[in-house]
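**Student:** First the structure, then my questions, so here it is.
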Amino acid sequence: MSRTVIPFGPQHPVLPEPIHLDLVLEDEKVVEAIPRIGYVHRGLELLVQKKDFKQYVFVAERICGICSFMHGMGYCCAIENIMDIKVPERADFLRTLWSELSRMHSHMLWLGLWADAFGFESLFMHSWRLREKILDIFEQTTGGRVIFSVCEIGGVKKDIDAETLKNISSKIDEIKKDALEFSKVFYKDKTVAVRTVDVGILTKEQAFALGAVGPMARGSGLSQDLRSTGYAAYGQVDFEPIFETDGDCYARTAVRIREFFQSADIIKQCIGKMPEGEIRQKVTGKPNGEYFMRLEQPRGEVLYYAKANGTDFLDRVRVRTPTFANIPAMLETLKNSQLADVPLLILTIDPCISCTER
Amino acid sequence: MSLLSMTKTNLKALFHGPYTSQFPLKAREPFANTRGHIDCDLSTCIFCTLCDKKCPTGAISVTRSVKATDTTPEKKGTWSIEPLKCIQCGYCVETCNKNSLIMKGECSEPATENVR
């Protein structure tokens, strides 16, 4: 059968950010997808040679607008390990709390976009309405809605008082109640199932071989979650990595929904176990050495490499983002799929292109 | 599997009224922590240029007078900020030794200097 190549992106209604794919088609079936990235490269890694190591925290936060806190935290943790700084315990708990709130709002954002991609507009609006409540908690505690500027080398800049913590706890209960109501739609609605069940299957072996991370890997039965390593305060809260075994779009949706509720539980645990004390450690001296820091972002594992030379300016910062790691897995799911499913299969990895290209 | 799983949510939304706030009839108040814009109290500022040096985006520019006789705020120096460059990170507020810089909750007015 003759083949046709059609361009997909960089501008497409389903893509909030630009990525280009050349889709090789046989009739309506995709036989191959060839990606091209680089439309929003900003040179943020090179900026580390121009901004001092304390100023770079603000640059690291701007790598992504959704998991901005965890980018700042990943960079700070790398420098803290190089400088051998012990972060106060309360700061660790606050970092965990904000990380999990980020995971909640990221998953809710994705669920909304996901609903929008298969044409369920009202579900999209209800998802984002709920996300607003989480953004309000961010604004109340950090001063920003998506870029928080609270993480710094040696701890965090802002504390949360006991009364606000209590309010957050009750707001999380409300959010959980609301989310429980319409998460059933993702699980049980027939129209959703038709578009997601048995679509874009990635087997456990394929996920492992292609280096998939985050919900993409966990939806295929790989139980890997960097939070289990116990960085920040994760070693002091109870949770188990969530995974599903079907490996299709429905399984990945289920992973994210279950993680949303798991994050809410972790936040409640953090509030309950929050120790009293300092929130920042004084930083003296200049970093000298190198370190790899691995964290679990909403989209999967992020890797921060920092190399310092004893001056104010670092030699190198390298960020391996989860979307970059998931692109080979996405291309695998695109093979033998229908053209109409391509937008869903791109969205299924929760793509963050500005992260990928930095 | 069901076809009417959204019914409860939709019915609730029908009787709930708008979820959005009725701006401008009801303006949204910023939280106490909200990072809106930076303001400088020139009466206490000593124009040490520390904020100028520390600003990650180079939005702040400070000049100080070299004449010892210049003692009034207008003559001691100048402090200015480019609103379009400022990212409201609050780093300058932290570094200010005299606590002259304040993070205000309200967002700054739209910059119109480039409008023709």
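Following the order of the structure tokens, chains are lettered A, B, ..., residues in each are numbered from 1, and ligands are numbered from 1.
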For Tyr231 (chain A), list every protein, DNA or RNA residue within 10 Å, evaluated using only C-alpha atoms, and leave out those in the same chain fewer than 5 positions away; present the list as a list in words.

**Tutor:**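 Close residues of Tyr231 (chain A): Cys77, Asp92, Thr96, Leu226, Gln236, Met293, Arg294, Leu295 and Glu296 of chain A.
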
**Student:** Atoms to include: N, CA and C atoms. Write the selected residues as a PDB file, in the first residue's frame.

**Tutor:**
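Result file selection.pdb:
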```
ATOM      1  N   CYS A  77      18.649  20.826  45.872  1.00  0.00           N
ATOM      2  CA  CYS A  77      19.122  19.585  46.498  1.00  0.00           C
ATOM      3  C   CYS A  77      20.504  19.222  45.962  1.00  0.00           C
ATOM      4  N   ASP A  92      12.178  20.391  54.930  1.00  0.00           N
ATOM      5  CA  ASP A  92      11.965  19.167  54.150  1.00  0.00           C
ATOM      6  C   ASP A  92      10.474  18.848  54.045  1.00  0.00           C
ATOM      7  N   THR A  96       8.093  18.878  50.735  1.00  0.00           N
ATOM      8  CA  THR A  96       7.263  17.725  50.352  1.00  0.00           C
ATOM      9  C   THR A  96       5.817  18.153  50.137  1.00  0.00           C
ATOM     10  N   LEU A 226      10.555   7.468  42.294  1.00  0.00           N
ATOM     11  CA  LEU A 226      11.745   7.981  42.965  1.00  0.00           C
ATOM     12  C   LEU A 226      11.474   8.444  44.393  1.00  0.00           C
ATOM     13  N   GLN A 236       9.605   9.809  55.594  1.00  0.00           N
ATOM     14  CA  GLN A 236       8.851   9.834  56.851  1.00  0.00           C
ATOM     15  C   GLN A 236       7.338   9.789  56.657  1.00  0.00           C
ATOM     16  N   MET A 293      21.173  14.543  41.089  1.00  0.00           N
ATOM     17  CA  MET A 293      19.986  14.502  41.950  1.00  0.00           C
ATOM     18  C   MET A 293      18.812  13.966  41.146  1.00  0.00           C
ATOM     19  N   ARG A 294      18.134  12.990  41.711  1.00  0.00           N
ATOM     20  CA  ARG A 294      16.971  12.416  41.013  1.00  0.00           C
ATOM     21  C   ARG A 294      15.711  12.654  41.839  1.00  0.00           C
ATOM     22  N   LEU A 295      14.676  13.157  41.191  1.00  0.00           N
ATOM     23  CA  LEU A 295      13.403  13.418  41.877  1.00  0.00           C
ATOM     24  C   LEU A 295      12.252  12.872  41.054  1.00  0.00           C
ATOM     25  N   GLU A 296      11.135  12.694  41.723  1.00  0.00           N
ATOM     26  CA  GLU A 296       9.925  12.248  41.022  1.00  0.00           C
ATOM     27  C   GLU A 296       9.006  13.440  40.799  1.00  0.00           C
TER      28      GLU A 296
END
```

**Student:** Hey, list the chain B side of the contact with chain A: 7 Å cut-off, only C-alpha atoms, answer as a ChimeraX atom specification.

**Tutor:** /B:1-3,5-6,9,31,33-35,56,89

**Student:** Which residues are near Lys204 (chain A)? Cut-off 7 Å, only C-alpha atoms, ignore same chain within fewer than 2 positions. Put them as a list in words.

**Tutor:**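 What passes the distance filter is Leu202, Gln206, Ala207, Phe208, Ser220, Gly221 and Leu222 of chain A.
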
**Student:** Counting only C-alpha atoms, what is within 10 Å of Met330 (chain A), bar same-chain residues fewer than 2 positions away, as JSON, numbers by chain?

**Tutor:** {"A": [33, 200, 202, 207, 210, 212, 216, 323, 325, 326, 327, 328, 332, 333, 334, 335, 342, 345, 346, 347, 348, 349, 351]}

**Student:** Would you mind exporting the chosen residues as a short mmCIF file (atom, residue, chain, number, x, y, z; two decimals), in the first residue's frame, restricted to N, CA and C atoms?

**Tutor:**
```
data_model
loop_
_atom_site.label_atom_id
_atom_site.label_comp_id
_atom_site.auth_asym_id
_atom_site.auth_seq_id
_atom_site.Cartn_x
_atom_site.Cartn_y
_atom_site.Cartn_z
N ALA A 33 6.37 7.34 13.28
CA ALA A 33 6.30 8.77 13.62
C ALA A 33 7.72 9.26 13.87
N GLY A 200 -3.21 2.67 22.50
CA GLY A 200 -1.82 3.01 22.84
C GLY A 200 -1.19 2.08 23.86
N LEU A 202 1.36 -0.05 25.74
CA LEU A 202 2.81 -0.15 25.93
C LEU A 202 3.04 -1.26 26.95
N ALA A 207 8.15 -0.70 28.00
CA ALA A 207 8.34 0.45 28.89
C ALA A 207 9.73 0.42 29.50
N LEU A 210 12.47 0.97 26.66
CA LEU A 210 12.50 2.32 26.10
C LEU A 210 12.77 3.39 27.16
N ALA A 212 10.89 4.34 29.77
CA ALA A 212 9.75 5.18 30.16
C ALA A 212 9.82 5.50 31.65
N MET A 216 3.71 6.94 32.77
CA MET A 216 3.84 6.16 31.54
C MET A 216 4.39 4.76 31.87
N THR A 323 9.61 14.25 30.16
CA THR A 323 9.01 14.19 28.81
C THR A 323 10.04 13.71 27.80
N ALA A 325 12.46 11.69 28.32
CA ALA A 325 12.61 10.25 28.50
C ALA A 325 11.43 9.48 27.94
N ASN A 326 10.26 10.11 27.90
CA ASN A 326 9.05 9.40 27.47
C ASN A 326 8.78 9.48 25.97
N ILE A 327 9.54 10.30 25.25
CA ILE A 327 9.29 10.44 23.80
C ILE A 327 9.46 9.10 23.06
N PRO A 328 10.54 8.29 23.31
CA PRO A 328 10.62 7.00 22.62
C PRO A 328 9.41 6.09 22.90
N GLU A 332 6.55 4.63 20.23
CA GLU A 332 6.19 3.20 20.17
C GLU A 332 4.67 3.04 20.19
N THR A 333 4.01 3.81 21.04
CA THR A 333 2.54 3.69 21.10
C THR A 333 1.88 4.20 19.81
N LEU A 334 2.58 5.14 19.12
CA LEU A 334 2.00 5.69 17.89
C LEU A 334 2.00 4.67 16.74
N LYS A 335 2.95 3.73 16.80
CA LYS A 335 3.04 2.74 15.72
C LYS A 335 1.77 1.89 15.69
N VAL A 342 -3.97 9.86 17.33
CA VAL A 342 -2.64 10.47 17.51
C VAL A 342 -2.65 11.58 18.58
N LEU A 345 -2.61 10.01 21.93
CA LEU A 345 -1.38 9.29 22.25
C LEU A 345 -0.22 10.25 22.55
N ILE A 346 -0.28 11.43 21.96
CA ILE A 346 0.74 12.43 22.31
C ILE A 346 0.46 12.94 23.73
N LEU A 347 -0.81 13.17 24.00
CA LEU A 347 -1.19 13.71 25.31
C LEU A 347 -1.00 12.69 26.44
N THR A 348 -1.00 11.43 26.10
CA THR A 348 -0.95 10.41 27.14
C THR A 348 0.36 10.43 27.95
N ILE A 349 1.43 10.99 27.37
CA ILE A 349 2.68 11.07 28.14
C ILE A 349 2.71 12.34 28.99
N PRO A 351 2.88 15.64 27.82
CA PRO A 351 4.10 16.26 27.29
C PRO A 351 4.32 17.68 27.83
#
```

**Student:** For CA of Gly277 (chain A) and CA of Trp98 (chain A), quote the distance in Å rounded to one decimal.

**Tutor:**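 A separation of 17.8 Å between them.
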
**Student:** What separation in Å, quoted to one decimal, exists between CA of Asp265 (chain A) and CA of Asn10 (chain B)?

**Tutor:**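 Going from CA of Asp265 (chain A) over to CA of Asn10 (chain B), I get 27.2 Å.
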
**Student:** According to DSSP computed on the backbone, where in region 40-273 of chain A is there helix (DSSP H, G or I)? Give the residues as a PyMOL selection string.

**Tutor:** chain A and resi 46-49+56-61+68-83+89-117+121-142+162-188+190-196+204-209+214-218+226-229+234-236+249-273

**Student:** Any idea what's packed within 12 Å of Asp161 (chain A), counting only C-alpha atoms, ignoring anything in its chain fewer than 4 positions away? Could you give it as an mmCIF file with N, CA, C and O atoms, in the first residue's frame?

**Tutor:**
```cif
data_model
loop_
_atom_site.group_PDB
_atom_site.id
_atom_site.type_symbol
_atom_site.label_atom_id
_atom_site.label_comp_id
_atom_site.auth_asym_id
_atom_site.auth_seq_id
_atom_site.Cartn_x
_atom_site.Cartn_y
_atom_site.Cartn_z
ATOM 1 N N ARG A 90 11.845 20.803 59.124
ATOM 2 C CA ARG A 90 10.583 21.473 58.768
ATOM 3 C C ARG A 90 10.602 21.899 57.299
ATOM 4 O O ARG A 90 9.590 21.817 56.617
ATOM 5 N N LEU A 94 7.990 21.008 54.378
ATOM 6 C CA LEU A 94 7.318 22.025 53.554
ATOM 7 C C LEU A 94 7.583 21.771 52.075
ATOM 8 O O LEU A 94 6.691 21.917 51.232
ATOM 9 N N GLN A 140 -1.721 31.560 48.503
ATOM 10 C CA GLN A 140 -1.844 31.904 49.922
ATOM 11 C C GLN A 140 -0.540 31.604 50.676
ATOM 12 O O GLN A 140 -0.132 32.352 51.552
ATOM 13 N N THR A 141 0.128 30.513 50.314
ATOM 14 C CA THR A 141 1.304 30.098 51.091
ATOM 15 C C THR A 141 2.629 30.594 50.520
ATOM 16 O O THR A 141 3.573 30.811 51.261
ATOM 17 N N LEU A 165 -2.088 25.799 57.983
ATOM 18 C CA LEU A 165 -1.960 24.360 57.727
ATOM 19 C C LEU A 165 -3.311 23.657 57.944
ATOM 20 O O LEU A 165 -3.689 22.771 57.181
ATOM 21 N N LYS A 166 -4.001 24.096 58.995
ATOM 22 C CA LYS A 166 -5.309 23.509 59.300
ATOM 23 C C LYS A 166 -6.308 23.811 58.169
ATOM 24 O O LYS A 166 -7.073 22.942 57.745
ATOM 25 N N ASN A 167 -6.240 25.067 57.673
ATOM 26 C CA ASN A 167 -7.114 25.456 56.550
ATOM 27 C C ASN A 167 -6.805 24.632 55.311
ATOM 28 O O ASN A 167 -7.712 24.210 54.595
ATOM 29 N N ILE A 168 -5.489 24.434 55.054
ATOM 30 C CA ILE A 168 -5.098 23.649 53.870
ATOM 31 C C ILE A 168 -5.672 22.246 54.000
ATOM 32 O O ILE A 168 -6.205 21.684 53.043
ATOM 33 N N ILE A 271 1.111 17.503 57.051
ATOM 34 C CA ILE A 271 0.544 18.484 57.976
ATOM 35 C C ILE A 271 0.512 17.894 59.389
ATOM 36 O O ILE A 271 0.861 18.555 60.366
ATOM 37 N N MET A 274 4.262 17.610 60.701
ATOM 38 C CA MET A 274 5.132 18.780 60.527
ATOM 39 C C MET A 274 5.864 19.144 61.824
ATOM 40 O O MET A 274 5.237 19.511 62.810
ATOM 41 N N PRO A 275 7.192 19.041 61.836
ATOM 42 C CA PRO A 275 7.915 19.387 63.066
ATOM 43 C C PRO A 275 8.088 20.903 63.209
ATOM 44 O O PRO A 275 7.997 21.632 62.230
ATOM 45 N N GLU A 276 8.310 21.346 64.426
ATOM 46 C CA GLU A 276 8.588 22.766 64.654
ATOM 47 C C GLU A 276 10.072 23.011 64.375
ATOM 48 O O GLU A 276 10.865 22.085 64.364
ATOM 49 N N GLY A 277 10.433 24.252 64.186
ATOM 50 C CA GLY A 277 11.860 24.562 64.052
ATOM 51 C C GLY A 277 12.165 25.491 62.901
ATOM 52 O O GLY A 277 11.278 26.128 62.334
ATOM 53 N N ILE A 279 13.490 26.950 59.217
ATOM 54 C CA ILE A 279 13.123 26.559 57.852
ATOM 55 C C ILE A 279 14.278 26.797 56.873
ATOM 56 O O ILE A 279 14.190 26.423 55.718
#
```

**Student:** In Å, with one decimal, what is the gap from CA of Lys177 (chain A) to CA of Val14 (chain A)?

**Tutor:**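 Atom-to-atom, CA of Lys177 (chain A) to CA of Val14 (chain A), that is 28.9 Å.
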
**Student:** Find, counting only C-alpha atoms, the residue in A:Thr196, A:Arg320, A:Pro16, A:Ile266 that gets nearest to Asp238 (chain A).

**Tutor:**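 Smallest distance to Asp238 (chain A) is found for A:Ile266.
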
**Student:** Using only C-alpha atoms, can you tell me which of B:Ile87, B:Ala59, B:Cys107, B:Cys92 comes closest to Cys40 (chain B)?

**Tutor:**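 Answer, going by the shortest atom-to-atom distance: B:Cys92.
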
**Student:** Give me, as an mmCIF file with C-alpha atoms, in the first residue's frame, all polymer residues having an atom no more than 12 Å from Gly9 (chain A), counting only C-alpha atoms and skipping those fewer than 3 positions away in the same chain.

**Tutor:**
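So result.cif came out as:
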```cif
data_model
loop_
_atom_site.group_PDB
_atom_site.id
_atom_site.type_symbol
_atom_site.label_atom_id
_atom_site.label_comp_id
_atom_site.auth_asym_id
_atom_site.auth_seq_id
_atom_site.Cartn_x
_atom_site.Cartn_y
_atom_site.Cartn_z
ATOM 1 C CA ILE A 6 1.626 14.168 6.954
ATOM 2 C CA HIS A 12 -2.157 21.821 16.643
ATOM 3 C CA PRO A 13 -5.300 22.306 18.772
ATOM 4 C CA VAL A 14 -4.309 19.492 21.121
ATOM 5 C CA LEU A 15 -0.777 20.763 21.682
ATOM 6 C CA PRO A 16 -0.333 23.490 24.277
ATOM 7 C CA GLU A 17 3.334 23.586 23.308
ATOM 8 C CA PRO A 18 5.073 23.037 19.975
ATOM 9 C CA ILE A 19 6.375 19.641 18.885
ATOM 10 C CA HIS A 20 6.487 18.394 15.334
ATOM 11 C CA LEU A 21 5.868 14.839 14.164
ATOM 12 C CA ASP A 22 6.105 13.485 10.661
ATOM 13 C CA LEU A 23 3.459 10.762 10.545
ATOM 14 C CA ILE A 34 9.445 10.887 13.319
ATOM 15 C CA PRO A 35 9.726 13.613 15.968
ATOM 16 C CA ARG A 36 11.411 16.976 15.696
ATOM 17 C CA ILE A 37 11.917 19.177 18.736
ATOM 18 C CA TYR A 39 10.976 25.099 18.810
ATOM 19 C CA VAL A 342 -2.641 10.468 17.513
ATOM 20 C CA PRO A 343 -3.625 13.553 19.590
ATOM 21 C CA ILE A 346 0.741 12.432 22.313
#
```

**Student:** Choose the residue, out of A:Phe243, A:Phe124, A:Phe313, A:Tyr234, that has the smallest atom-to-atom separation from Ile257 (chain A); count only C-alpha atoms.

**Tutor:**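 Ranking A:Phe243, A:Phe124, A:Phe313, A:Tyr234 by distance to Ile257 (chain A), first place goes to A:Phe243.
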